[in-house]
Structures are given as C-alpha cells and as structure tokens.
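Comments concern the structure below.
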Number of protein chains: 2
Amino acid sequence: MKTSEKNVSIQTLRRLPVYLHYLKSLGGALPAVSATIIAEALGLNDVQVRKDLGSVSGSGRPKKGYVTSELIEELEDFLGCNKHTAAVLLGVGNLGRALLSYHGFSDYGLEIVAAFDSSSKVIGSACGGKIVLPMSDLERVCKNKNVSLGILTVPSANAQAAADELVGHGIKAIWNFAPSVIKVPEGVLVENENLASSLAVLSNHLSV
Amino acid sequence: MKTSEKNVSIQTLRRLPVYLHYLKSLGGALPAVSATIIAEALGLNDVQVRKDLGSVSGSGRPKKGYVTSELIEELEDFLGCNKHTAAVLLGVGNLGRALLSYHGFSDYGLEIVAAFDSSSKVIGSACGGKIVLPMSDLERVCKNKNVSLGILTVPSANAQAAADELVGHGIKAIWNFAPSVIKVPEGVLVENENLASSLAVLSNHLSV
DNA sequence: TTTGAATAAATAAATTTTTATCGATTGCCC
DNA sequence: GGGCAATCGATAAAAATTTATTTATTCAAA
C-alpha cells in the first residue's frame, strides 16, 4: 500500500490514461488547464473530470485550474508510468505480433521482455526486436526477469492452459486477448480485451 | 426499430457476446443450460446472467433452463451475427494488419470490405486477402458497398481527420483503436478500444 | 398424486457511478 | 481595496448497475 492507496473506482482508473494522453497531446500549449477545458475536449462531464483528477492530484486552484506539467507528472506517477513492469507475451499470431511491434506500452512503464509460442514454426523467429522462445523457457524468464504480467494472445482453446502456466510461475495479472473466459485463483487479476464486446455495442447502434 | 428495440444496457450488451461464445464452446455437450451453470462457468452472478438473457430470450423454463441451441440462435439474432455489416479499415500499420488478418469478425456479421492507407509504401500491398487502397477511393467504396462502420487504426495524430472523412461519407459508427479522443456529430457512435485503459487497471492491481 | 428440488422471473435492496448543487477561494478588472 | 467571474472541492442527489430475496413454475421421483 503506497501510491495507489486511494480508493479509485475502475471507471475512473480507465479514464486517467485518457486524461494523460490529452494533456500530453497539448504539447505544452497550455501551462494550466481546468477541469472544464478537459471535459469539453473529451466530451465528459466537468464534475466527473474534477473528481477523477482529485483522486490523484489535489493541486487544482480556483480560477486557474491545474498546472499542466504537474498534472501530467502526477498522473504518470499514479499510473506507474515510471515504474518498470515486466511482461511476457504468449502466442505469437497476428495479434501477438502486432502487440510486440507496438512501442507505445513503454509510455506506461510496460516492457514485454519475451514472447513465447508452442509452434516450432515461429520459435526462433524475431518480432519487435525479440526472439520468440519455446514455452519451456517460460519459467526461467519469469523468475529471472521478475515478470508480473502475462499477455495472452493464444487461440481461445489454449487460453486456460496458458493462464494456468502463467499463474504457476507467479504472475499476478493477465491481459487476456483470447475471446474466452479464464479462471484464476484469488489475487490474480484478469483483464479481458474482448473485441466482440465492443463490436456488440457498435452493431447494436447500427441496427436501431 | 426492429430486433434490438429492447432497452438493453451497455454492460449487458458487452456480456452477451461472452455468453454466446461460451455456449458455442460447449459444442452441443449440453442440450439445455441454466443461468446458474453459465454464471458458474463465467464467474458471474446468476441473477445477472438470468436478467441479461431475459432481455434477449424469455424462453427459460424452471428446472430446465434454456434450450442451448435456441439461446444461441436468439443471441446471434440479437447481436446481428446473421446480418451483414460492411466496414472499412483506415490505417494499415501493425494493428491494422492484425485486424485484417483476423477472421473471427465474420462470426459477428462484420466484413471488412476494404482497407485504406495514405502511405504509398503500403498502398497496393495485400493483407488478409485485400489490396490496400488509397484514401481517394474511400468515398466510392463507402457508397458502393453501403459501408456503415469505420475501423480506425491510424496514428493518433491523424485520427480526427480520418474520422471526419468517414463521417462525411455517411459512416454511422466508428471503432477507434487510436489512443485519442475523436469528436463526431450527434448520431454517430464512437467505440474506443483503449489499450491504455486496460493497462491502467492491470498496473493498479500490480502496484497494491 | 403428492412432495421436493431446481430454477426462472419478479421484486427489492445495496452498491457503484454519474450528475447536480453549493460554498469557498483565487485572480482579475475597475 | 471591492466586486465579479471562473473554478475547485465537497456534499448531496440522481441514475444506473449489481446483488439479494421472494415467489411461482416445472420436472421428477416417491
């Protein structure tokens, strides 16, 4: 219990990176921003923005707002952007390769230290500057690199087995891109990145 | 106003594809399923499952549950899986290519009819069975193929301009994978697929 | 048939999340 | 300095969402 002791709701937590991205996108154009301005730009309620920011900052001043650079720093600090988190990626298919090639994660302190696959077709090949390793190397890497996050981009059928293995090696959080539900012990967090769910929202809108 | 007239909450809407996926994964093993079983398998509250299913089905019978095949059909029907939706993809980078190569969208009635990019480096190249077209072809394709959904996988800086163009060509929904907020007129839905938000939830868990 | 167990459906309670209101503070203009 | 407008922070209200409880239905077995 240190930085993130405060009681921040999941919804707030999801919005914080959006604020951070917006503030960075300003490129220093505004030395100070108000919650009103942010809300306007992002299409949100200003009270909500103020409340969200209040949970990480508390340095807002009436009439002036927040000092942009300070707010960015506070958000980065809260989100752990400056704190290295080591992750492994399991399943080097299309999506896995896309994630490996994406270099934006480092902005949030995440480093994919290694990628694994069970197919000999991709083992040994390079992607995003990393050599794809066989699953047998997983345990060693997890221990040596102090890996705490696992990224699952394996086929749906293999997701549970892969998750079990990750948990067995001490992983505390799993980012699941497989469209299936995985079961993990208490204390391990699974965040599902379910494209079908988003698609459902879109389709529903289109069908009205 | 036809199929999806019912007042289904966004949260419910997001869970429906999860139910569908689970039911399909059973592969006919269970002729009938109860909300209790589904809830157990998916780690949800059984009342919630029942309520969710009630909004699309209403054919559950005490002691028995729902007829699996019927439920699948009702879910597919509600989610528009059997109703063709044409989409265009803008921005053929790593992520764009991954999405183009993913063939699971057709299960949900979505077909990416064409991909576009502004860079001559990728225009003309093939990906996922489609030739990447120049942006100048966008209008023609949108009109001819009756495109209603746009998928944005362009760099953040170009997202708003791309969105504006899509809206100008009559697109009614945008699936935004760029980590930026885009503004659209009333009546157009934007669904943000923000990896940073998910990452925030994971990081927060890890830092406690 | 009757009884009991499982379960859907309806209703109610609790929780979470969003939005509104209000007072206090700050900076700016006169 | 005094008044005005913008804005924060806190509190309260409202809305949405989840969870619990109750009731009623159905099947199956005694």
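Here's how to read the names in the structure tokens: chain A, B, ... by the order shown, residue numbers from 1 in each chain, ligand numbers from 1 in the order shown.
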### For Ser203 in chain B: contacts at 12 Å, only C-alpha atoms (C1' of nucleotides), fewer than 2 positions along chain excluded, given as a PyMOL selection string
(chain A and resi 3-4+10+13-14+17+76-87+105+108-110+148-150+172-175+189-191) or (chain B and resi 196-201+205-208)
Hey, could you lay chain B over chain A with a least-squares C-alpha fit (all atoms, paired in order) and save it as a PDB file with C-alpha atoms, in the first residue's frame?
ATOM      1  CA  MET B   1       0.350   0.067  -0.103  1.00  0.00           C
ATOM      2  CA  LYS B   2       1.991   3.181  -1.380  1.00  0.00           C
ATOM      3  CA  THR B   3       1.094   5.342  -4.310  1.00  0.00           C
ATOM      4  CA  SER B   4      -2.160   3.804  -5.328  1.00  0.00           C
ATOM      5  CA  GLU B   5      -3.673   3.501  -1.915  1.00  0.00           C
ATOM      6  CA  LYS B   6      -6.528   5.769  -2.770  1.00  0.00           C
ATOM      7  CA  ASN B   7      -9.863   4.296  -3.510  1.00  0.00           C
ATOM      8  CA  VAL B   8     -10.153   4.885  -7.208  1.00  0.00           C
ATOM      9  CA  SER B   9     -13.005   3.266  -9.077  1.00  0.00           C
ATOM     10  CA  ILE B  10     -12.358   1.131 -12.097  1.00  0.00           C
ATOM     11  CA  GLN B  11     -14.186   3.593 -14.291  1.00  0.00           C
ATOM     12  CA  THR B  12     -12.030   6.431 -13.074  1.00  0.00           C
ATOM     13  CA  LEU B  13      -8.935   4.333 -13.539  1.00  0.00           C
ATOM     14  CA  ARG B  14      -9.877   3.788 -17.153  1.00  0.00           C
ATOM     15  CA  ARG B  15     -10.269   7.480 -17.758  1.00  0.00           C
ATOM     16  CA  LEU B  16      -6.981   8.526 -16.219  1.00  0.00           C
ATOM     17  CA  PRO B  17      -4.858   7.414 -19.180  1.00  0.00           C
ATOM     18  CA  VAL B  18      -7.209   9.331 -21.442  1.00  0.00           C
ATOM     19  CA  TYR B  19      -6.583  12.498 -19.480  1.00  0.00           C
ATOM     20  CA  LEU B  20      -2.877  11.832 -19.554  1.00  0.00           C
ATOM     21  CA  HIS B  21      -2.887  11.331 -23.283  1.00  0.00           C
ATOM     22  CA  TYR B  22      -4.823  14.509 -23.820  1.00  0.00           C
ATOM     23  CA  LEU B  23      -2.543  16.558 -21.600  1.00  0.00           C
ATOM     24  CA  LYS B  24       0.519  15.243 -23.366  1.00  0.00           C
ATOM     25  CA  SER B  25      -1.049  15.970 -26.726  1.00  0.00           C
ATOM     26  CA  LEU B  26      -1.237  19.621 -25.770  1.00  0.00           C
ATOM     27  CA  GLY B  27       2.513  19.737 -26.086  1.00  0.00           C
ATOM     28  CA  GLY B  28       2.873  22.463 -23.514  1.00  0.00           C
ATOM     29  CA  ALA B  29       0.483  24.788 -25.293  1.00  0.00           C
ATOM     30  CA  LEU B  30      -1.422  25.380 -22.069  1.00  0.00           C
ATOM     31  CA  PRO B  31       0.590  25.992 -18.911  1.00  0.00           C
ATOM     32  CA  ALA B  32      -2.559  25.379 -16.913  1.00  0.00           C
ATOM     33  CA  VAL B  33      -5.765  23.521 -17.650  1.00  0.00           C
ATOM     34  CA  SER B  34      -9.107  23.531 -15.929  1.00  0.00           C
ATOM     35  CA  ALA B  35     -11.360  20.544 -15.541  1.00  0.00           C
ATOM     36  CA  THR B  36     -13.818  22.450 -17.699  1.00  0.00           C
ATOM     37  CA  ILE B  37     -11.401  22.577 -20.609  1.00  0.00           C
ATOM     38  CA  ILE B  38     -10.511  18.907 -20.329  1.00  0.00           C
ATOM     39  CA  ALA B  39     -14.140  17.895 -20.098  1.00  0.00           C
ATOM     40  CA  GLU B  40     -14.983  19.979 -23.142  1.00  0.00           C
ATOM     41  CA  ALA B  41     -12.155  18.486 -25.179  1.00  0.00           C
ATOM     42  CA  LEU B  42     -12.944  14.923 -24.208  1.00  0.00           C
ATOM     43  CA  GLY B  43     -16.704  15.135 -24.267  1.00  0.00           C
ATOM     44  CA  LEU B  44     -17.115  14.399 -20.590  1.00  0.00           C
ATOM     45  CA  ASN B  45     -18.839  15.968 -17.647  1.00  0.00           C
ATOM     46  CA  ASP B  46     -16.657  18.570 -15.961  1.00  0.00           C
ATOM     47  CA  VAL B  47     -17.569  17.487 -12.456  1.00  0.00           C
ATOM     48  CA  GLN B  48     -16.544  13.989 -13.305  1.00  0.00           C
ATOM     49  CA  VAL B  49     -13.194  15.143 -14.601  1.00  0.00           C
ATOM     50  CA  ARG B  50     -12.643  17.175 -11.469  1.00  0.00           C
ATOM     51  CA  LYS B  51     -13.509  14.247  -9.281  1.00  0.00           C
ATOM     52  CA  ASP B  52     -11.261  11.916 -11.231  1.00  0.00           C
ATOM     53  CA  LEU B  53      -8.358  14.322 -11.069  1.00  0.00           C
ATOM     54  CA  GLY B  54      -9.025  14.976  -7.422  1.00  0.00           C
ATOM     55  CA  SER B  55      -8.271  11.369  -6.672  1.00  0.00           C
ATOM     56  CA  VAL B  56      -4.739  11.669  -7.971  1.00  0.00           C
ATOM     57  CA  SER B  57      -3.901  15.310  -7.634  1.00  0.00           C
ATOM     58  CA  GLY B  58      -5.699  17.679  -5.287  1.00  0.00           C
ATOM     59  CA  SER B  59      -3.593  20.534  -6.498  1.00  0.00           C
ATOM     60  CA  GLY B  60      -6.240  22.331  -8.501  1.00  0.00           C
ATOM     61  CA  ARG B  61      -6.664  26.009  -7.844  1.00  0.00           C
ATOM     62  CA  PRO B  62      -9.810  28.056  -8.441  1.00  0.00           C
ATOM     63  CA  LYS B  63      -9.772  30.416 -11.369  1.00  0.00           C
ATOM     64  CA  LYS B  64      -6.595  28.777 -12.598  1.00  0.00           C
ATOM     65  CA  GLY B  65      -7.087  25.045 -12.774  1.00  0.00           C
ATOM     66  CA  TYR B  66      -4.242  22.593 -12.663  1.00  0.00           C
ATOM     67  CA  VAL B  67      -0.636  23.221 -13.637  1.00  0.00           C
ATOM     68  CA  THR B  68      -0.376  21.040 -16.708  1.00  0.00           C
ATOM     69  CA  SER B  69       3.123  19.748 -16.118  1.00  0.00           C
ATOM     70  CA  GLU B  70       2.357  18.897 -12.512  1.00  0.00           C
ATOM     71  CA  LEU B  71      -0.806  17.108 -13.463  1.00  0.00           C
ATOM     72  CA  ILE B  72       0.976  15.053 -16.085  1.00  0.00           C
ATOM     73  CA  GLU B  73       3.564  14.083 -13.541  1.00  0.00           C
ATOM     74  CA  GLU B  74       0.969  13.134 -10.971  1.00  0.00           C
ATOM     75  CA  LEU B  75      -0.939  11.042 -13.477  1.00  0.00           C
ATOM     76  CA  GLU B  76       2.205   9.291 -14.658  1.00  0.00           C
ATOM     77  CA  ASP B  77       3.143   8.664 -11.101  1.00  0.00           C
ATOM     78  CA  PHE B  78      -0.218   7.261 -10.205  1.00  0.00           C
ATOM     79  CA  LEU B  79      -0.419   5.089 -13.290  1.00  0.00           C
ATOM     80  CA  GLY B  80       3.039   3.740 -12.660  1.00  0.00           C
ATOM     81  CA  CYS B  81       4.423   4.994 -15.952  1.00  0.00           C
ATOM     82  CA  ASN B  82       7.824   5.470 -14.410  1.00  0.00           C
ATOM     83  CA  LYS B  83       7.787   2.136 -12.700  1.00  0.00           C
ATOM     84  CA  HIS B  84       9.066  -0.733 -14.774  1.00  0.00           C
ATOM     85  CA  THR B  85       6.671  -3.638 -15.205  1.00  0.00           C
ATOM     86  CA  ALA B  86       7.984  -6.741 -16.918  1.00  0.00           C
ATOM     87  CA  ALA B  87       5.578  -8.757 -19.036  1.00  0.00           C
ATOM     88  CA  VAL B  88       5.678 -11.870 -21.155  1.00  0.00           C
ATOM     89  CA  LEU B  89       3.547 -12.462 -24.207  1.00  0.00           C
ATOM     90  CA  LEU B  90       2.173 -15.902 -25.011  1.00  0.00           C
ATOM     91  CA  GLY B  91       1.018 -16.679 -28.509  1.00  0.00           C
ATOM     92  CA  VAL B  92       2.760 -15.061 -31.452  1.00  0.00           C
ATOM     93  CA  GLY B  93      -0.013 -14.953 -34.003  1.00  0.00           C
ATOM     94  CA  ASN B  94      -1.290 -11.922 -35.851  1.00  0.00           C
ATOM     95  CA  LEU B  95      -2.361 -10.081 -32.771  1.00  0.00           C
ATOM     96  CA  GLY B  96       0.647 -11.118 -30.742  1.00  0.00           C
ATOM     97  CA  ARG B  97       2.936  -9.776 -33.426  1.00  0.00           C
ATOM     98  CA  ALA B  98       1.031  -6.528 -33.557  1.00  0.00           C
ATOM     99  CA  LEU B  99       1.406  -6.043 -29.840  1.00  0.00           C
ATOM    100  CA  LEU B 100       5.076  -6.969 -29.933  1.00  0.00           C
ATOM    101  CA  SER B 101       5.632  -4.394 -32.633  1.00  0.00           C
ATOM    102  CA  TYR B 102       3.786  -1.688 -30.771  1.00  0.00           C
ATOM    103  CA  HIS B 103       6.163   0.547 -28.913  1.00  0.00           C
ATOM    104  CA  GLY B 104       3.657   2.654 -27.059  1.00  0.00           C
ATOM    105  CA  PHE B 105       3.487   0.434 -23.986  1.00  0.00           C
ATOM    106  CA  SER B 106       6.755   1.769 -22.657  1.00  0.00           C
ATOM    107  CA  ASP B 107       4.997   5.088 -22.065  1.00  0.00           C
ATOM    108  CA  TYR B 108       3.090   3.268 -19.382  1.00  0.00           C
ATOM    109  CA  GLY B 109       6.052   1.496 -17.852  1.00  0.00           C
ATOM    110  CA  LEU B 110       5.332  -1.810 -19.531  1.00  0.00           C
ATOM    111  CA  GLU B 111       8.055  -3.818 -21.155  1.00  0.00           C
ATOM    112  CA  ILE B 112       7.410  -7.082 -22.924  1.00  0.00           C
ATOM    113  CA  VAL B 113      10.596  -8.878 -22.003  1.00  0.00           C
ATOM    114  CA  ALA B 114       9.945 -11.997 -24.017  1.00  0.00           C
ATOM    115  CA  ALA B 115       7.492 -13.727 -26.321  1.00  0.00           C
ATOM    116  CA  PHE B 116       6.618 -17.406 -26.329  1.00  0.00           C
ATOM    117  CA  ASP B 117       4.899 -19.828 -28.601  1.00  0.00           C
ATOM    118  CA  SER B 118       4.467 -23.543 -28.789  1.00  0.00           C
ATOM    119  CA  SER B 119       4.714 -23.802 -32.549  1.00  0.00           C
ATOM    120  CA  SER B 120       8.113 -24.581 -33.976  1.00  0.00           C
ATOM    121  CA  LYS B 121       7.127 -22.501 -36.976  1.00  0.00           C
ATOM    122  CA  VAL B 122       7.529 -19.270 -35.086  1.00  0.00           C
ATOM    123  CA  ILE B 123       9.983 -20.236 -32.354  1.00  0.00           C
ATOM    124  CA  GLY B 124      13.316 -18.640 -33.131  1.00  0.00           C
ATOM    125  CA  SER B 125      11.825 -16.009 -35.410  1.00  0.00           C
ATOM    126  CA  ALA B 126      12.140 -12.370 -34.473  1.00  0.00           C
ATOM    127  CA  CYS B 127       9.351  -9.935 -33.862  1.00  0.00           C
ATOM    128  CA  GLY B 128       9.506  -6.457 -32.452  1.00  0.00           C
ATOM    129  CA  GLY B 129      13.155  -6.957 -31.687  1.00  0.00           C
ATOM    130  CA  LYS B 130      12.576 -10.124 -29.666  1.00  0.00           C
ATOM    131  CA  ILE B 131      13.253 -13.727 -30.507  1.00  0.00           C
ATOM    132  CA  VAL B 132      10.272 -15.965 -29.956  1.00  0.00           C
ATOM    133  CA  LEU B 133      11.110 -18.557 -27.306  1.00  0.00           C
ATOM    134  CA  PRO B 134       9.732 -22.028 -26.675  1.00  0.00           C
ATOM    135  CA  MET B 135       7.315 -22.485 -23.802  1.00  0.00           C
ATOM    136  CA  SER B 136       9.921 -24.488 -21.929  1.00  0.00           C
ATOM    137  CA  ASP B 137      11.831 -21.274 -21.337  1.00  0.00           C
ATOM    138  CA  LEU B 138       8.879 -19.559 -19.715  1.00  0.00           C
ATOM    139  CA  GLU B 139       9.614 -20.476 -16.133  1.00  0.00           C
ATOM    140  CA  ARG B 140      13.235 -19.370 -16.320  1.00  0.00           C
ATOM    141  CA  VAL B 141      12.357 -16.001 -17.835  1.00  0.00           C
ATOM    142  CA  CYS B 142       9.565 -15.351 -15.349  1.00  0.00           C
ATOM    143  CA  LYS B 143      11.880 -15.932 -12.437  1.00  0.00           C
ATOM    144  CA  ASN B 144      14.941 -14.153 -13.787  1.00  0.00           C
ATOM    145  CA  LYS B 145      13.173 -11.073 -15.079  1.00  0.00           C
ATOM    146  CA  ASN B 146      10.717 -10.811 -12.237  1.00  0.00           C
ATOM    147  CA  VAL B 147       7.750 -10.899 -14.557  1.00  0.00           C
ATOM    148  CA  SER B 148       4.424  -9.902 -13.030  1.00  0.00           C
ATOM    149  CA  LEU B 149       2.159  -9.580 -16.046  1.00  0.00           C
ATOM    150  CA  GLY B 150       1.217 -12.065 -18.725  1.00  0.00           C
ATOM    151  CA  ILE B 151      -0.271 -11.138 -22.073  1.00  0.00           C
ATOM    152  CA  LEU B 152      -2.387 -13.863 -23.618  1.00  0.00           C
ATOM    153  CA  THR B 153      -2.750 -13.812 -27.385  1.00  0.00           C
ATOM    154  CA  VAL B 154      -3.115 -17.546 -27.816  1.00  0.00           C
ATOM    155  CA  PRO B 155      -6.049 -19.256 -29.514  1.00  0.00           C
ATOM    156  CA  SER B 156      -9.125 -19.470 -27.377  1.00  0.00           C
ATOM    157  CA  ALA B 157      -8.781 -23.197 -26.812  1.00  0.00           C
ATOM    158  CA  ASN B 158      -5.329 -22.824 -25.250  1.00  0.00           C
ATOM    159  CA  ALA B 159      -6.082 -19.810 -23.116  1.00  0.00           C
ATOM    160  CA  GLN B 160      -6.881 -21.596 -19.871  1.00  0.00           C
ATOM    161  CA  ALA B 161      -3.838 -23.835 -20.038  1.00  0.00           C
ATOM    162  CA  ALA B 162      -1.585 -20.880 -20.787  1.00  0.00           C
ATOM    163  CA  ALA B 163      -3.120 -18.916 -17.950  1.00  0.00           C
ATOM    164  CA  ASP B 164      -2.586 -21.800 -15.549  1.00  0.00           C
ATOM    165  CA  GLU B 165       1.044 -21.924 -16.516  1.00  0.00           C
ATOM    166  CA  LEU B 166       1.469 -18.209 -16.005  1.00  0.00           C
ATOM    167  CA  VAL B 167      -0.149 -18.377 -12.595  1.00  0.00           C
ATOM    168  CA  GLY B 168       2.089 -21.275 -11.706  1.00  0.00           C
ATOM    169  CA  HIS B 169       5.080 -19.087 -12.373  1.00  0.00           C
ATOM    170  CA  GLY B 170       3.907 -16.359 -10.071  1.00  0.00           C
ATOM    171  CA  ILE B 171       2.244 -13.976 -12.502  1.00  0.00           C
ATOM    172  CA  LYS B 172      -0.160 -11.648 -10.714  1.00  0.00           C
ATOM    173  CA  ALA B 173      -2.101 -10.168 -13.615  1.00  0.00           C
ATOM    174  CA  ILE B 174      -3.197 -11.415 -17.005  1.00  0.00           C
ATOM    175  CA  TRP B 175      -4.189  -9.398 -20.017  1.00  0.00           C
ATOM    176  CA  ASN B 176      -6.397 -11.749 -21.942  1.00  0.00           C
ATOM    177  CA  PHE B 177      -6.953 -11.104 -25.631  1.00  0.00           C
ATOM    178  CA  ALA B 178      -8.460 -14.522 -26.239  1.00  0.00           C
ATOM    179  CA  PRO B 179     -12.227 -14.405 -26.549  1.00  0.00           C
ATOM    180  CA  SER B 180     -12.739 -16.824 -23.715  1.00  0.00           C
ATOM    181  CA  VAL B 181     -13.214 -16.683 -20.011  1.00  0.00           C
ATOM    182  CA  ILE B 182     -10.334 -17.913 -17.918  1.00  0.00           C
ATOM    183  CA  LYS B 183     -10.382 -18.919 -14.305  1.00  0.00           C
ATOM    184  CA  VAL B 184      -7.605 -17.891 -11.970  1.00  0.00           C
ATOM    185  CA  PRO B 185      -7.037 -18.095  -8.230  1.00  0.00           C
ATOM    186  CA  GLU B 186      -7.915 -15.300  -5.869  1.00  0.00           C
ATOM    187  CA  GLY B 187      -5.397 -12.488  -6.040  1.00  0.00           C
ATOM    188  CA  VAL B 188      -4.719 -12.754  -9.749  1.00  0.00           C
ATOM    189  CA  LEU B 189      -6.402 -10.152 -11.919  1.00  0.00           C
ATOM    190  CA  VAL B 190      -7.647 -10.899 -15.401  1.00  0.00           C
ATOM    191  CA  GLU B 191      -8.415  -8.045 -17.736  1.00  0.00           C
ATOM    192  CA  ASN B 192     -10.285  -9.185 -20.800  1.00  0.00           C
ATOM    193  CA  GLU B 193      -9.771  -7.314 -24.004  1.00  0.00           C
ATOM    194  CA  ASN B 194     -12.842  -8.552 -25.735  1.00  0.00           C
ATOM    195  CA  LEU B 195     -13.283  -7.173 -29.214  1.00  0.00           C
ATOM    196  CA  ALA B 196     -16.619  -8.919 -29.551  1.00  0.00           C
ATOM    197  CA  SER B 197     -18.021  -6.871 -26.681  1.00  0.00           C
ATOM    198  CA  SER B 198     -17.130  -3.629 -28.362  1.00  0.00           C
ATOM    199  CA  LEU B 199     -18.481  -4.910 -31.601  1.00  0.00           C
ATOM    200  CA  ALA B 200     -21.760  -5.724 -29.901  1.00  0.00           C
ATOM    201  CA  VAL B 201     -22.160  -2.144 -28.815  1.00  0.00           C
ATOM    202  CA  LEU B 202     -21.429  -0.902 -32.320  1.00  0.00           C
ATOM    203  CA  SER B 203     -23.724  -3.386 -34.022  1.00  0.00           C
ATOM    204  CA  ASN B 204     -26.522  -2.571 -31.667  1.00  0.00           C
ATOM    205  CA  HIS B 205     -26.204   1.073 -32.539  1.00  0.00           C
ATOM    206  CA  LEU B 206     -26.266   0.316 -36.229  1.00  0.00           C
ATOM    207  CA  SER B 207     -29.346  -1.871 -36.007  1.00  0.00           C
ATOM    208  CA  VAL B 208     -31.601   0.711 -34.368  1.00  0.00           C
TER     209      VAL B 208
END
#### Entry: Interface list for chain C, partner chain B, 7 Å threshold, only C-alpha atoms (C1' of nucleotides), as a PyMOL selection string
chain C and resi 6-8
Check which residues of chain D sit at most 7 Å from chain B using only C-alpha atoms (C1' of nucleotides), and return one row each with the closest pair of atoms and their distance in Å to one decimal, ordered by chain and rising number, as CSV.
residue,atom,partner,partner_atom,distance
D:DT25,C1',B:Pro62,CA,6.1
D:DT26,C1',B:Pro62,CA,5.3
D:DC27,C1',B:Lys63,CA,6.3
Selection near DT23 in chain D, 10 Å with only C-alpha atoms (C1' of nucleotides), sequence-local residues under 2 positions removed, as a compact mmCIF listing (two decimals) with C-alpha atoms (C1' of nucleotides), in the first residue's frame:
# COMPACT_ATOMS: atom_id res chain seq x y z
C1' DA C 9 -38.98 -14.36 -13.13
C1' DA C 10 -40.22 -10.56 -10.42
C1' DT C 11 -39.29 -7.56 -6.81
C1' DT D 21 -34.71 -12.17 -1.75
C1' DT D 25 -43.34 -22.79 -12.08
### Contact residues around DC22 in chain C with only C-alpha atoms (C1' of nucleotides) at 10 Å, ignoring same-chain residues under 6 positions, as a list in words
DA10, DT11 and DA12 of chain D
Would you save the residues from that selection as a compact mmCIF listing (two decimals), in the first residue's frame, using N, CA and C atoms (P, O5', C5', C4', C3', O3' and C1' of nucleotides)?
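Generated file (selection_14.txt):
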# COMPACT_ATOMS: atom_id res chain seq x y z
P DA D 10 -11.99 17.98 -0.92
O5' DA D 10 -13.51 18.12 -0.44
C5' DA D 10 -13.92 19.33 0.21
C4' DA D 10 -15.42 19.29 0.46
C3' DA D 10 -15.96 17.91 0.84
O3' DA D 10 -16.90 18.06 1.89
C1' DA D 10 -17.14 18.72 -1.03
P DT D 11 -17.42 16.77 2.66
O5' DT D 11 -18.99 16.90 2.49
C5' DT D 11 -19.59 18.20 2.43
C4' DT D 11 -20.91 18.11 1.68
C3' DT D 11 -21.71 16.85 2.00
O3' DT D 11 -23.02 17.24 2.40
C1' DT D 11 -21.60 17.19 -0.32
P DA D 12 -24.07 16.15 2.87
O5' DA D 12 -25.09 16.15 1.66
C5' DA D 12 -25.50 17.40 1.09
C4' DA D 12 -26.25 17.13 -0.19
C3' DA D 12 -27.26 15.99 -0.10
O3' DA D 12 -28.43 16.39 -0.78
C1' DA D 12 -25.83 15.63 -1.92
### Query
What are the DSSP helix (DSSP H, G or I) residues of range 9-136 of chain A, as a count of residues only?
60
### Task
In Å, rounded to a single decimal, give me how far C1' of DA28 in chain D is from C1' of DG4 in chain C.
9.3 Å
